[in-house]
>>> print(open('entry12.csv').read())   # CSV, C-alpha atoms and all ligand atoms
chain,number,residue,atom,x,y,z
A,8,MET,CA,57.0,-13.3,-148.2
A,9,HIS,CA,60.1,-15.1,-149.6
A,10,THR,CA,60.1,-17.4,-146.6
A,11,GLU,CA,56.4,-18.2,-147.1
A,12,SER,CA,57.0,-18.9,-150.9
A,13,ALA,CA,59.9,-21.2,-150.1
A,14,LEU,CA,57.9,-23.0,-147.5
A,15,LYS,CA,55.0,-23.5,-149.9
A,16,ARG,CA,57.3,-24.8,-152.6
A,17,TRP,CA,58.8,-27.3,-150.1
A,18,LEU,CA,55.4,-28.4,-148.8
A,19,SER,CA,53.7,-28.5,-152.2
A,20,PRO,CA,54.2,-32.2,-152.9
A,21,LEU,CA,52.8,-33.1,-149.5
A,22,VAL,CA,49.8,-30.8,-149.3
A,23,ASP,CA,46.4,-31.1,-150.9
A,24,PRO,CA,45.3,-27.4,-151.3
A,25,LYS,CA,41.6,-28.3,-150.7
A,26,ILE,CA,42.3,-30.1,-147.5
A,27,PHE,CA,44.7,-27.3,-146.3
A,28,ASP,CA,42.0,-24.7,-147.1
A,29,PHE,CA,39.3,-26.7,-145.2
A,30,TRP,CA,41.3,-26.8,-142.0
A,31,ALA,CA,42.9,-23.4,-142.4
A,32,ALA,CA,39.4,-21.9,-142.6
A,33,HIS,CA,38.8,-23.1,-139.0
A,34,LEU,CA,41.9,-21.2,-137.8
A,35,SER,CA,41.9,-17.9,-139.7
A,36,ARG,CA,39.6,-16.1,-142.1
A,37,THR,CA,42.5,-15.2,-144.4
A,38,TRP,CA,44.8,-18.3,-144.5
A,39,ARG,CA,44.4,-20.3,-147.8
A,40,TRP,CA,46.9,-22.3,-149.9
A,41,GLU,CA,46.3,-20.8,-153.3
A,42,ARG,CA,43.8,-17.9,-152.9
A,43,ARG,CA,44.5,-14.4,-151.6
A,44,LEU,CA,41.9,-13.4,-149.1
A,45,ALA,CA,41.5,-9.9,-147.6
A,46,ARG,CA,39.1,-9.0,-144.8
A,47,VAL,CA,36.7,-6.1,-145.1
A,48,SER,CA,37.5,-3.9,-142.2
A,49,ALA,CA,35.2,-0.9,-143.0
A,50,VAL,CA,32.3,0.0,-145.4
A,51,THR,CA,31.8,3.7,-145.8
A,52,ALA,CA,29.9,6.0,-148.3
A,53,ALA,CA,32.1,7.5,-151.0
A,54,ALA,CA,29.3,9.5,-152.8
A,55,ASP,CA,25.7,9.0,-153.8
A,56,GLY,CA,25.5,5.4,-155.0
A,57,ALA,CA,29.2,4.7,-154.3
A,58,THR,CA,30.7,2.9,-151.4
A,59,THR,CA,34.3,2.4,-150.3
A,60,LEU,CA,35.5,-0.8,-148.7
A,61,THR,CA,38.7,-1.0,-146.8
A,62,LEU,CA,40.4,-4.3,-147.2
A,63,ARG,CA,42.8,-5.5,-144.6
A,64,TRP,CA,45.4,-8.2,-145.3
A,65,GLY,CA,46.5,-10.7,-142.7
A,66,ARG,CA,50.1,-10.0,-143.5
A,67,ARG,CA,51.8,-7.6,-145.9
A,68,ALA,CA,49.5,-6.9,-148.9
A,69,PRO,CA,50.4,-8.6,-152.2
A,70,ALA,CA,52.3,-6.5,-154.8
A,71,LEU,CA,50.1,-4.1,-156.7
A,72,LEU,CA,51.2,-1.2,-158.9
A,73,PRO,CA,49.2,2.0,-158.6
A,74,GLY,CA,46.6,2.2,-161.4
A,75,GLN,CA,46.2,-1.6,-161.7
A,76,HIS,CA,43.0,-3.5,-161.3
A,77,VAL,CA,42.3,-6.8,-159.4
A,78,ASN,CA,39.4,-9.2,-159.8
A,79,ILE,CA,37.4,-9.7,-156.7
A,80,THR,CA,35.4,-12.9,-156.4
A,81,VAL,CA,32.4,-13.2,-154.0
A,82,ASP,CA,29.9,-15.9,-153.3
A,83,VAL,CA,26.3,-14.5,-153.6
A,84,ALA,CA,23.5,-16.9,-152.7
A,85,GLY,CA,25.8,-19.9,-153.6
A,86,VAL,CA,27.0,-18.5,-157.0
A,87,ARG,CA,30.5,-17.2,-157.5
A,88,HIS,CA,30.8,-13.8,-159.2
A,89,THR,CA,33.9,-11.9,-160.2
A,90,ARG,CA,34.3,-8.2,-160.9
A,91,ALA,CA,37.3,-5.9,-161.5
A,92,TYR,CA,38.1,-3.0,-159.2
A,93,SER,CA,41.0,-0.6,-159.0
A,94,PRO,CA,42.3,-0.5,-155.5
A,95,THR,CA,44.1,2.3,-153.7
A,96,VAL,CA,47.0,1.2,-151.5
A,97,LEU,CA,46.7,2.9,-148.1
A,98,ASP,CA,49.6,1.2,-146.4
A,99,ALA,CA,51.5,-2.1,-146.3
A,100,ARG,CA,48.4,-4.0,-145.0
A,101,GLN,CA,45.4,-2.0,-146.2
A,102,TRP,CA,43.8,-1.3,-149.6
A,103,GLN,CA,40.5,0.5,-150.5
A,104,ILE,CA,38.2,-0.3,-153.4
A,105,THR,CA,35.3,1.9,-154.3
A,106,VAL,CA,32.2,0.2,-155.7
A,107,ARG,CA,29.4,2.1,-157.6
A,108,GLU,CA,26.1,0.4,-157.3
A,109,GLN,CA,24.8,-0.8,-160.6
A,110,PRO,CA,21.0,-1.0,-161.2
A,111,GLY,CA,20.3,-4.7,-160.7
A,112,GLY,CA,24.0,-5.4,-160.0
A,113,CYS,CA,24.1,-8.3,-157.6
A,114,VAL,CA,27.8,-7.9,-156.9
A,115,SER,CA,27.8,-4.2,-156.3
A,116,HIS,CA,24.8,-4.4,-154.0
A,117,PHE,CA,26.4,-7.3,-152.1
A,118,LEU,CA,29.7,-5.5,-151.7
A,119,SER,CA,28.1,-2.2,-150.6
A,120,ALA,CA,26.1,-3.7,-147.8
A,121,PRO,CA,27.2,-2.7,-144.3
A,122,GLU,CA,27.2,-6.4,-143.2
A,123,ARG,CA,30.2,-7.0,-145.4
A,124,VAL,CA,32.4,-5.7,-142.5
A,125,GLY,CA,34.3,-8.7,-141.1
A,126,SER,CA,33.8,-10.9,-144.2
A,127,THR,CA,36.6,-12.0,-146.6
A,128,LEU,CA,36.9,-11.4,-150.3
A,129,GLU,CA,39.0,-13.4,-152.7
A,130,VAL,CA,41.4,-11.1,-154.7
A,131,SER,CA,43.4,-11.8,-157.8
A,132,ALA,CA,46.8,-10.6,-158.8
A,133,GLY,CA,47.0,-7.1,-160.2
A,134,PHE,CA,46.7,-6.4,-163.9
A,135,GLY,CA,46.4,-3.4,-166.3
A,136,ASP,CA,48.7,-1.0,-168.0
A,137,MET,CA,47.5,2.4,-166.6
A,138,LEU,CA,50.8,2.8,-164.6
A,139,LEU,CA,52.9,5.6,-163.3
A,140,PRO,CA,55.3,6.9,-166.1
A,141,GLN,CA,59.0,7.1,-165.4
A,142,ASP,CA,59.4,10.7,-166.6
A,143,GLN,CA,58.1,14.1,-165.8
A,144,ALA,CA,55.9,14.8,-168.9
A,145,PRO,CA,52.7,16.6,-168.0
A,146,TRP,CA,49.6,14.5,-167.3
A,147,LEU,CA,46.0,15.1,-168.5
A,148,LEU,CA,43.7,12.7,-166.7
A,149,LEU,CA,40.2,12.3,-168.2
A,150,ALA,CA,37.8,10.4,-165.9
A,151,ALA,CA,34.0,9.6,-166.2
A,152,GLY,CA,32.1,8.0,-163.4
A,153,SER,CA,33.9,5.0,-161.8
A,154,GLY,CA,36.9,5.8,-164.1
A,155,ILE,CA,38.2,8.0,-161.3
A,156,THR,CA,39.4,5.1,-159.2
A,157,PRO,CA,42.7,4.3,-160.9
A,158,PHE,CA,43.5,8.0,-161.0
A,159,ARG,CA,43.0,8.3,-157.3
A,160,SER,CA,45.5,5.5,-156.9
A,161,LEU,CA,48.0,7.1,-159.3
A,162,LEU,CA,47.7,10.6,-157.8
A,163,ARG,CA,48.1,9.4,-154.2
A,164,ALA,CA,51.1,7.2,-155.1
A,165,ALA,CA,52.9,10.0,-157.1
A,166,ALA,CA,52.2,12.6,-154.5
A,167,ALA,CA,53.5,10.3,-151.7
A,168,ALA,CA,56.7,9.6,-153.7
A,169,ASP,CA,57.0,13.3,-154.5
A,170,ALA,CA,56.9,12.3,-158.1
A,171,LEU,CA,54.0,14.4,-159.5
A,172,PRO,CA,55.1,16.0,-162.8
A,173,PRO,CA,55.2,19.8,-163.1
A,174,SER,CA,51.7,19.9,-164.6
A,175,VAL,CA,48.8,17.5,-163.7
A,176,THR,CA,45.2,18.3,-164.8
A,177,LEU,CA,42.3,16.1,-163.9
A,178,LEU,CA,38.9,16.5,-165.7
A,179,TYR,CA,36.3,14.5,-163.9
A,180,TRP,CA,32.8,14.0,-165.4
A,181,ALA,CA,29.9,13.0,-163.2
A,182,ASP,CA,26.1,13.6,-163.4
A,183,ARG,CA,25.9,15.6,-160.2
A,184,ALA,CA,28.1,17.0,-157.5
A,185,ALA,CA,26.8,14.4,-155.0
A,186,SER,CA,28.1,11.7,-157.4
A,187,LEU,CA,31.8,12.8,-157.2
A,188,CYS,CA,34.1,10.5,-155.3
A,189,PHE,CA,37.2,11.8,-153.5
A,190,ALA,CA,36.4,15.5,-154.1
A,191,ASP,CA,37.9,16.4,-150.6
A,192,GLU,CA,41.0,14.5,-151.4
A,193,PHE,CA,41.5,16.2,-154.7
A,194,ASP,CA,40.9,19.6,-153.1
A,195,GLN,CA,43.6,18.8,-150.5
A,196,LEU,CA,46.0,17.5,-153.2
A,197,ALA,CA,45.5,20.8,-155.1
A,198,ALA,CA,46.2,22.8,-152.0
A,199,ASP,CA,49.3,20.8,-151.2
A,200,HIS,CA,50.6,20.6,-154.8
A,201,PRO,CA,50.2,23.7,-156.9
A,202,GLN,CA,51.0,21.8,-160.1
A,203,PHE,CA,47.8,19.7,-159.6
A,204,ARG,CA,44.4,21.1,-160.6
A,205,TRP,CA,41.1,19.4,-161.1
A,206,GLN,CA,37.8,20.3,-162.6
A,207,PRO,CA,34.5,18.5,-162.0
A,208,LEU,CA,32.3,18.6,-165.1
A,209,LEU,CA,28.6,17.9,-164.1
A,210,THR,CA,26.4,16.7,-166.9
A,211,ARG,CA,23.0,16.9,-165.1
A,212,GLU,CA,23.3,19.8,-162.8
A,213,GLY,CA,23.7,23.5,-162.9
A,214,GLU,CA,22.3,26.1,-165.2
A,215,ALA,CA,24.5,25.0,-168.1
A,216,PRO,CA,25.3,21.3,-167.6
A,217,ALA,CA,28.6,20.2,-169.0
A,218,ALA,CA,28.8,18.3,-172.2
A,219,ARG,CA,30.0,14.7,-171.9
A,220,ILE,CA,33.4,15.4,-173.5
A,221,ASN,CA,34.3,17.7,-176.4
A,222,ALA,CA,37.1,19.7,-178.0
A,223,GLU,CA,36.1,23.0,-176.4
A,224,GLN,CA,36.5,21.6,-172.8
A,225,LEU,CA,39.9,20.2,-173.6
A,226,ALA,CA,41.0,23.5,-175.2
A,227,GLU,CA,39.8,25.4,-172.2
A,228,TRP,CA,41.1,23.2,-169.4
A,229,ALA,CA,44.1,21.5,-171.1
A,230,PRO,CA,45.5,23.7,-173.8
A,231,LEU,CA,48.9,22.1,-173.7
A,232,LEU,CA,48.1,18.6,-175.1
A,233,ALA,CA,51.3,18.3,-177.1
A,234,GLY,CA,53.9,16.6,-175.0
A,235,SER,CA,51.4,15.5,-172.4
A,236,ARG,CA,50.5,11.9,-171.3
A,237,VAL,CA,46.8,11.5,-171.6
A,238,TYR,CA,45.0,8.9,-169.5
A,239,SER,CA,41.3,8.3,-170.0
A,240,CYS,CA,39.1,5.9,-168.1
A,241,GLY,CA,35.3,5.5,-168.1
A,242,PRO,CA,32.6,3.9,-170.1
A,243,ALA,CA,33.6,2.8,-173.6
A,244,GLY,CA,31.8,5.6,-175.4
A,245,PHE,CA,33.6,8.2,-173.2
A,246,VAL,CA,37.0,6.6,-173.7
A,247,SER,CA,36.6,6.3,-177.5
A,248,SER,CA,35.5,10.0,-177.7
A,249,ALA,CA,38.5,11.0,-175.6
A,250,GLU,CA,40.9,9.0,-177.8
A,251,ALA,CA,39.5,10.6,-181.0
A,252,LEU,CA,39.8,14.1,-179.5
A,253,VAL,CA,43.5,13.8,-178.5
A,254,ALA,CA,44.6,11.6,-181.4
A,255,GLY,CA,47.9,12.7,-182.9
A,256,GLN,CA,48.4,15.5,-180.3
A,257,ALA,CA,49.6,13.9,-177.1
A,258,LEU,CA,52.9,12.3,-176.3
A,259,GLN,CA,51.1,9.1,-175.2
A,260,VAL,CA,47.4,8.0,-174.7
A,261,VAL,CA,46.6,5.3,-172.2
A,262,SER,CA,43.0,4.4,-171.9
A,263,GLU,CA,40.8,1.9,-170.2
A,264,ALA,CA,37.1,1.4,-170.9
A,265,PHE,CA,34.8,-0.4,-168.5
A,266,SER,CA,31.4,-1.1,-170.1
A,267,LEU,CA,29.3,-4.2,-170.4
A,268,PRO,CA,29.2,-5.0,-174.1
A,269,PRO,CA,26.1,-3.4,-175.7
A,270,LEU,CA,23.1,-5.7,-176.2
A,271,GLN,CA,22.8,-6.7,-179.8
A,272,PRO,CA,19.7,-8.1,-181.5
A,273,ALA,CA,20.2,-11.8,-181.9
A,274,GLY,CA,21.8,-12.4,-185.3
A,275,GLU,CA,21.8,-15.4,-187.6
A,276,PRO,CA,22.8,-18.6,-185.8
A,277,VAL,CA,26.5,-19.6,-186.2
A,278,THR,CA,28.3,-22.8,-185.4
A,279,ILE,CA,31.1,-22.7,-182.8
A,280,THR,CA,33.6,-25.6,-182.8
A,281,LEU,CA,35.5,-26.1,-179.5
A,282,ALA,CA,38.8,-27.4,-180.7
A,283,ARG,CA,39.9,-29.1,-177.5
A,284,SER,CA,36.7,-30.9,-176.5
A,285,GLY,CA,35.5,-31.4,-180.1
A,286,ARG,CA,32.0,-30.1,-179.1
A,287,GLN,CA,30.0,-28.1,-181.7
A,288,LEU,CA,27.5,-25.5,-180.6
A,289,THR,CA,24.9,-23.4,-182.4
A,290,VAL,CA,24.6,-19.9,-180.9
A,291,PRO,CA,23.1,-16.6,-182.0
A,292,GLY,CA,25.5,-14.4,-183.9
A,293,GLY,CA,26.0,-10.9,-182.3
A,294,THR,CA,25.7,-12.1,-178.7
A,295,PRO,CA,28.9,-11.8,-176.5
A,296,LEU,CA,30.7,-15.1,-176.9
A,297,LEU,CA,31.1,-15.6,-173.2
A,298,ALA,CA,27.3,-15.3,-172.6
A,299,ALA,CA,26.6,-17.5,-175.6
A,300,LEU,CA,28.9,-20.2,-174.4
A,301,GLU,CA,27.5,-20.1,-170.9
A,302,GLN,CA,24.0,-20.4,-172.3
A,303,ALA,CA,25.2,-23.5,-174.1
A,304,GLY,CA,26.4,-25.0,-170.8
A,305,GLU,CA,30.2,-24.2,-171.1
A,306,ARG,CA,32.1,-22.5,-168.3
A,307,PRO,CA,35.0,-20.6,-169.8
A,308,PRO,CA,37.2,-18.8,-167.2
A,309,HIS,CA,36.2,-15.2,-166.8
A,310,GLY,CA,36.4,-12.2,-164.5
A,311,CYS,CA,35.1,-8.7,-165.2
A,312,ARG,CA,32.9,-9.5,-168.2
A,313,MET,CA,33.7,-6.0,-169.6
A,314,GLY,CA,37.0,-6.5,-171.4
A,315,ILE,CA,39.4,-5.3,-168.8
A,316,CYS,CA,40.9,-8.3,-167.0
A,317,ASN,CA,41.8,-10.6,-169.9
A,318,THR,CA,40.8,-13.7,-167.8
A,319,CYS,CA,38.5,-14.8,-170.7
A,320,SER,CA,41.2,-14.5,-173.3
A,321,CYS,CA,40.9,-17.4,-175.7
A,322,GLY,CA,42.6,-18.5,-178.9
A,323,LYS,CA,40.6,-18.3,-182.2
A,324,GLN,CA,41.7,-20.8,-184.9
A,325,ALA,CA,39.2,-19.8,-187.6
A,326,GLY,CA,36.3,-17.5,-188.4
A,327,THR,CA,35.4,-13.8,-188.1
A,328,THR,CA,34.6,-12.0,-184.8
A,329,GLU,CA,33.5,-8.5,-183.9
A,330,ASP,CA,35.0,-6.5,-181.0
A,331,LEU,CA,31.7,-5.3,-179.4
A,332,LEU,CA,33.4,-2.3,-177.7
A,333,ASN,CA,34.6,-0.7,-181.0
A,334,GLY,CA,32.9,-2.7,-183.8
A,335,ALA,CA,36.3,-3.8,-185.2
A,336,LEU,CA,36.1,-7.1,-187.2
A,337,SER,CA,38.9,-9.7,-187.1
A,338,ALA,CA,39.2,-12.4,-189.7
A,339,GLU,CA,42.9,-13.3,-188.8
A,340,PRO,CA,43.1,-17.0,-188.8
A,341,ILE,CA,45.1,-17.4,-185.6
A,342,THR,CA,44.5,-14.8,-183.0
A,343,ALA,CA,43.4,-14.2,-179.4
A,344,LEU,CA,40.1,-12.6,-178.4
A,345,ARG,CA,38.3,-11.7,-175.2
A,346,LEU,CA,35.2,-13.8,-175.1
A,347,CYS,CA,33.2,-11.3,-173.0
A,348,VAL,CA,33.4,-8.5,-175.5
A,349,SER,CA,33.5,-10.4,-178.8
A,350,SER,CA,30.8,-11.9,-180.9
A,351,ALA,CA,30.8,-14.3,-183.8
A,352,ARG,CA,30.3,-12.9,-187.3
A,353,SER,CA,30.8,-16.3,-188.9
A,354,ASP,CA,31.2,-19.9,-187.9
A,355,LEU,CA,34.2,-20.1,-185.5
A,356,THR,CA,36.7,-22.5,-184.1
A,357,LEU,CA,37.9,-21.6,-180.6
A,358,ASP,CA,40.7,-23.0,-178.6
A,359,LEU,CA,38.5,-24.4,-175.8
A,401,LIG,S1,36.1,-11.4,-168.4
A,401,LIG,FE1,37.5,-9.8,-168.1
A,401,LIG,S2,38.2,-9.4,-170.1
A,401,LIG,FE2,36.6,-10.8,-170.3
>>> encode(input="entry12.csv", output="C-alpha cells", more="lines below")
Ligand code: FES
Amino acid sequence: MHTESALKRWLSPLVDPKIFDFWAAHLSRTWRWERRLARVSAVTAAADGATTLTLRWGRRAPALLPGQHVNITVDVAGVRHTRAYSPTVLDARQWQITVREQPGGCVSHFLSAPERVGSTLEVSAGFGDMLLPQDQAPWLLLAAGSGITPFRSLLRAAAAADALPPSVTLLYWADRAASLCFADEFDQLAADHPQFRWQPLLTREGEAPAARINAEQLAEWAPLLAGSRVYSCGPAGFVSSAEALVAGQALQVVSEAFSLPPLQPAGEPVTITLARSGRQLTVPGGTPLLAALEQAGERPPHGCRMGICNTCSCGKQAGTTEDLLNGALSAEPITALRLCVSSARSDLTLDL
C-alpha cells in the first residue's frame, strides 16, 4: 500500500485521473486513480427482506475500524446514489454489507438483486465513532432493525482478538423472528464465549409481543447498567428512547441513529443566501435543507441522507435551524450543520 501511495504521489503531476480511469476500466474492474472499487462476489439472503453482499477487493482491503460505516455509491439508471452501510471485515480482502430492502428504496433493491454479483461498487473511507473500547468495562448493546450491523462487526472483531469484556449483553429488537439477521452467528458466539448473551425481542410476533424498548426490559436483561458501556443503534426514535432510559446510569453511551428525517408540512417560505456563489433562494421552511437546495437546482455533496456520514456538513453563517432528528434549534451565528437532517426556521446564510 505504501509503495502504491508513493507511486501515485510521484505520478500525480503527470496523470489526468479521468483519462487513467477510462483506460484502467478496460483492464480491470477495480483499478481507478481516486475511487475505491470493490467487486460483489456473492449476494445471499440474510433474513426476510435483508440481503448480504460479499465485497472482494482487488488487493488488500482499505483500512476500516470495526463498527464504522462507509458510503457506497451506485449508478441506478444513470443516476448516482449514495447510501451508508456498516461493513463486517471477513479477512484482508473481503467485507460483507447487509442491506435491508426499503419500501420504494431504489438503492436497496438495486443492491439486493442477484445480478449484482460480478459488478463493482464505489466505496468511501470509513467513518463513525461506534468503535471498540480499549478497556474491559461491560457492554450493553441495544439494536433495532438494521442497527444490528455495526454490532456484528464489533462482536466478531472483539471475539477474534480475544478482547470481549467479561460481560456482553445484546438486546436485538425486530418485528419477527424471520427478520433477525445473524441469529446463528450470535448463537455460536454465545456457545463459544460464555460472557456473551443475546436476547431477540420480537415486536409483532408471539403471544405477548415485546415492547419497542422500555425500562422493564433493561431492568430484566441488563440490571448492571452502572459501569457499562451502552451502544445503541437503530431508528432515531429507538435511539433517543434508549438514550433517555440509560441517561446518568452508564459509564458511556454511544449511539447512532439512522432514519430519514421525518416529513414536515411545508412551512412559511424562507430565504437562503449561498455565501460563496451569492445566489439567493426561496425555499419552504421545515423541509430538509438538502432536499430544498436540490429542488432549487443546487447539488451540495451528500451521502447517506440520514445524518450519519457528515458528507453534507456545511457551515452556517446566520439564521436559525432545526435538527430534524431531535427537534433542537440552533441560532448560533457561526456553526456547522448537516443539510440532510436540518431545516430552516428563519432566513439563513450558508457557506455554499
Ligand atoms: S448526507 Fe450523510 S449526514 Fe447528511
>>> closest_atom_pairs(input="entry12.csv", of="chain A", to="ligand LIG 401 (chain A)", cutoff="12 Å", atoms="only C-alpha atoms and all ligand atoms", output="JSON lines")
{"residue": "A:His76", "atom": "CA", "partner": "A:LIG401", "partner_atom": "FE1", "distance": 10.8}
{"residue": "A:Val77", "atom": "CA", "partner": "A:LIG401", "partner_atom": "FE1", "distance": 10.4}
{"residue": "A:Asn78", "atom": "CA", "partner": "A:LIG401", "partner_atom": "FE1", "distance": 8.5}
{"residue": "A:Ile79", "atom": "CA", "partner": "A:LIG401", "partner_atom": "FE1", "distance": 11.4}
{"residue": "A:His88", "atom": "CA", "partner": "A:LIG401", "partner_atom": "S1", "distance": 10.9}
{"residue": "A:Thr89", "atom": "CA", "partner": "A:LIG401", "partner_atom": "S1", "distance": 8.5}
{"residue": "A:Arg90", "atom": "CA", "partner": "A:LIG401", "partner_atom": "FE1", "distance": 8.0}
{"residue": "A:Ala91", "atom": "CA", "partner": "A:LIG401", "partner_atom": "FE1", "distance": 7.7}
{"residue": "A:Tyr92", "atom": "CA", "partner": "A:LIG401", "partner_atom": "FE1", "distance": 11.2}
{"residue": "A:Phe134", "atom": "CA", "partner": "A:LIG401", "partner_atom": "FE1", "distance": 10.7}
{"residue": "A:Gly135", "atom": "CA", "partner": "A:LIG401", "partner_atom": "S2", "distance": 10.8}
{"residue": "A:Glu263", "atom": "CA", "partner": "A:LIG401", "partner_atom": "S2", "distance": 11.6}
{"residue": "A:Ala264", "atom": "CA", "partner": "A:LIG401", "partner_atom": "S2", "distance": 10.9}
{"residue": "A:Phe265", "atom": "CA", "partner": "A:LIG401", "partner_atom": "S2", "distance": 9.8}
{"residue": "A:Ser266", "atom": "CA", "partner": "A:LIG401", "partner_atom": "S2", "distance": 10.7}
{"residue": "A:Leu267", "atom": "CA", "partner": "A:LIG401", "partner_atom": "FE2", "distance": 9.8}
{"residue": "A:Pro268", "atom": "CA", "partner": "A:LIG401", "partner_atom": "FE2", "distance": 10.1}
{"residue": "A:Pro295", "atom": "CA", "partner": "A:LIG401", "partner_atom": "FE2", "distance": 9.9}
{"residue": "A:Leu296", "atom": "CA", "partner": "A:LIG401", "partner_atom": "FE2", "distance": 9.8}
{"residue": "A:Leu297", "atom": "CA", "partner": "A:LIG401", "partner_atom": "FE2", "distance": 7.9}
{"residue": "A:Ala298", "atom": "CA", "partner": "A:LIG401", "partner_atom": "S1", "distance": 10.5}
{"residue": "A:Arg306", "atom": "CA", "partner": "A:LIG401", "partner_atom": "S1", "distance": 11.8}
{"residue": "A:Pro307", "atom": "CA", "partner": "A:LIG401", "partner_atom": "S1", "distance": 9.4}
{"residue": "A:Pro308", "atom": "CA", "partner": "A:LIG401", "partner_atom": "S1", "distance": 7.6}
{"residue": "A:His309", "atom": "CA", "partner": "A:LIG401", "partner_atom": "S1", "distance": 4.1}
{"residue": "A:Gly310", "atom": "CA", "partner": "A:LIG401", "partner_atom": "S1", "distance": 4.0}
{"residue": "A:Cys311", "atom": "CA", "partner": "A:LIG401", "partner_atom": "FE1", "distance": 3.9}
{"residue": "A:Arg312", "atom": "CA", "partner": "A:LIG401", "partner_atom": "S1", "distance": 3.7}
{"residue": "A:Met313", "atom": "CA", "partner": "A:LIG401", "partner_atom": "FE1", "distance": 5.6}
{"residue": "A:Gly314", "atom": "CA", "partner": "A:LIG401", "partner_atom": "S2", "distance": 3.4}
{"residue": "A:Ile315", "atom": "CA", "partner": "A:LIG401", "partner_atom": "S2", "distance": 4.5}
{"residue": "A:Cys316", "atom": "CA", "partner": "A:LIG401", "partner_atom": "FE1", "distance": 3.9}
{"residue": "A:Asn317", "atom": "CA", "partner": "A:LIG401", "partner_atom": "S2", "distance": 3.8}
{"residue": "A:Thr318", "atom": "CA", "partner": "A:LIG401", "partner_atom": "FE1", "distance": 5.1}
{"residue": "A:Cys319", "atom": "CA", "partner": "A:LIG401", "partner_atom": "FE2", "distance": 4.4}
{"residue": "A:Ser320", "atom": "CA", "partner": "A:LIG401", "partner_atom": "FE2", "distance": 6.6}
{"residue": "A:Cys321", "atom": "CA", "partner": "A:LIG401", "partner_atom": "FE2", "distance": 9.6}
{"residue": "A:Asp330", "atom": "CA", "partner": "A:LIG401", "partner_atom": "FE2", "distance": 11.6}
{"residue": "A:Leu331", "atom": "CA", "partner": "A:LIG401", "partner_atom": "FE2", "distance": 11.7}
{"residue": "A:Leu332", "atom": "CA", "partner": "A:LIG401", "partner_atom": "S2", "distance": 11.5}
{"residue": "A:Ala343", "atom": "CA", "partner": "A:LIG401", "partner_atom": "S2", "distance": 11.7}
{"residue": "A:Leu344", "atom": "CA", "partner": "A:LIG401", "partner_atom": "FE2", "distance": 9.0}
{"residue": "A:Arg345", "atom": "CA", "partner": "A:LIG401", "partner_atom": "FE2", "distance": 5.3}
{"residue": "A:Leu346", "atom": "CA", "partner": "A:LIG401", "partner_atom": "FE2", "distance": 5.8}
{"residue": "A:Cys347", "atom": "CA", "partner": "A:LIG401", "partner_atom": "FE2", "distance": 4.4}
{"residue": "A:Val348", "atom": "CA", "partner": "A:LIG401", "partner_atom": "FE2", "distance": 6.5}
{"residue": "A:Ser349", "atom": "CA", "partner": "A:LIG401", "partner_atom": "FE2", "distance": 9.1}
>>> closest_residue(input="entry12.csv", among="A:Leu138, A:Ala243, A:Val81, A:Val253", to="Ala164 of chain A", atoms="only C-alpha atoms")
A:Leu138
>>> residues_around(input="entry12.csv", residues="segment 199-207 of chain A", least_positions_apart="4", cutoff="6 Å", atoms="only C-alpha atoms", output="ChimeraX atom specification")
/A:173-180
>>> write_last_selection(input="entry12.csv", atoms="C-alpha atoms", output="PDB file, in the coordinates of the input")
ATOM      1  CA  PRO A 173      55.200  19.800-163.100  1.00  0.00           C
ATOM      2  CA  SER A 174      51.700  19.900-164.600  1.00  0.00           C
ATOM      3  CA  VAL A 175      48.800  17.500-163.700  1.00  0.00           C
ATOM      4  CA  THR A 176      45.200  18.300-164.800  1.00  0.00           C
ATOM      5  CA  LEU A 177      42.300  16.100-163.900  1.00  0.00           C
ATOM      6  CA  LEU A 178      38.900  16.500-165.700  1.00  0.00           C
ATOM      7  CA  TYR A 179      36.300  14.500-163.900  1.00  0.00           C
ATOM      8  CA  TRP A 180      32.800  14.000-165.400  1.00  0.00           C
TER       9      TRP A 180
END
>>> closest_residue(input="entry12.csv", among="A:Ala53, A:Leu62, A:Ala45, A:Ala150", to="Asp191 of chain A", atoms="only C-alpha atoms")
A:Ala53
>>> closest_residue(input="entry12.csv", among="A:Leu281, A:Ala167, A:Ser119, A:Arg87", to="Val106 of chain A", atoms="all atoms listed in the file")
A:Ser119
>>> atom_distance(input="entry12.csv", atom1="atom CA of Thr58 of chain A", atom2="atom CA of Thr105 of chain A")
5.5 Å
>>> closest_residue(input="entry12.csv", among="A:Pro145, A:Gly56, A:Pro69, A:Gly152", to="His116 of chain A", atoms="all atoms listed in the file")
A:Gly56
>>> atom_distance(input="entry12.csv", atom1="atom CA of Ser93 of chain A", atom2="atom CA of Glu301 of chain A")
26.5 Å
>>> residues_around(input="entry12.csv", residues="Asp82 of chain A", least_positions_apart="4", cutoff="12 Å", atoms="all atoms listed in the file", output="list in words")
Val86, Arg87, His88, Thr89, Arg90, Cys113, Val114, Phe117, Leu118, Arg123, Ser126, Thr127, Leu128 and Glu129 of chain A
>>> atom_distance(input="entry12.csv", atom1="atom CA of Gln324 of chain A", atom2="atom CA of Gly133 of chain A")
28.7 Å
>>> residues_around(input="entry12.csv", residues="segment 212-214 of chain A", least_positions_apart="3", cutoff="8 Å", atoms="all atoms listed in the file", output="NGL selection string")
:A and (182-184 or 209)
>>> axis_aligned_box(input="entry12.csv", around="segment 80-91 of chain A", padding_each_side="5 Å", output="JSON")
{"center_x": 30.4, "center_y": -12.9, "center_z": -157.1, "size_x": 23.8, "size_y": 24.0, "size_z": 18.8}
>>> residues_near_point(input="entry12.csv", point="(24.6, -11.2, -189.6)", cutoff="9 Å", atoms="only C-alpha atoms", output="PyMOL selection string")
chain A and resi 273-276+292-293+352-353
>>> closest_residue(input="entry12.csv", among="A:Val124, A:Ala49, A:Val246, A:Ala218", to="Asn333 of chain A", atoms="all atoms listed in the file")
A:Val246
>>> closest_residue(input="entry12.csv", among="A:Val261, A:Ala303, A:Leu148, A:Ala190", to="Ala229 of chain A", atoms="all atoms listed in the file")
A:Leu148
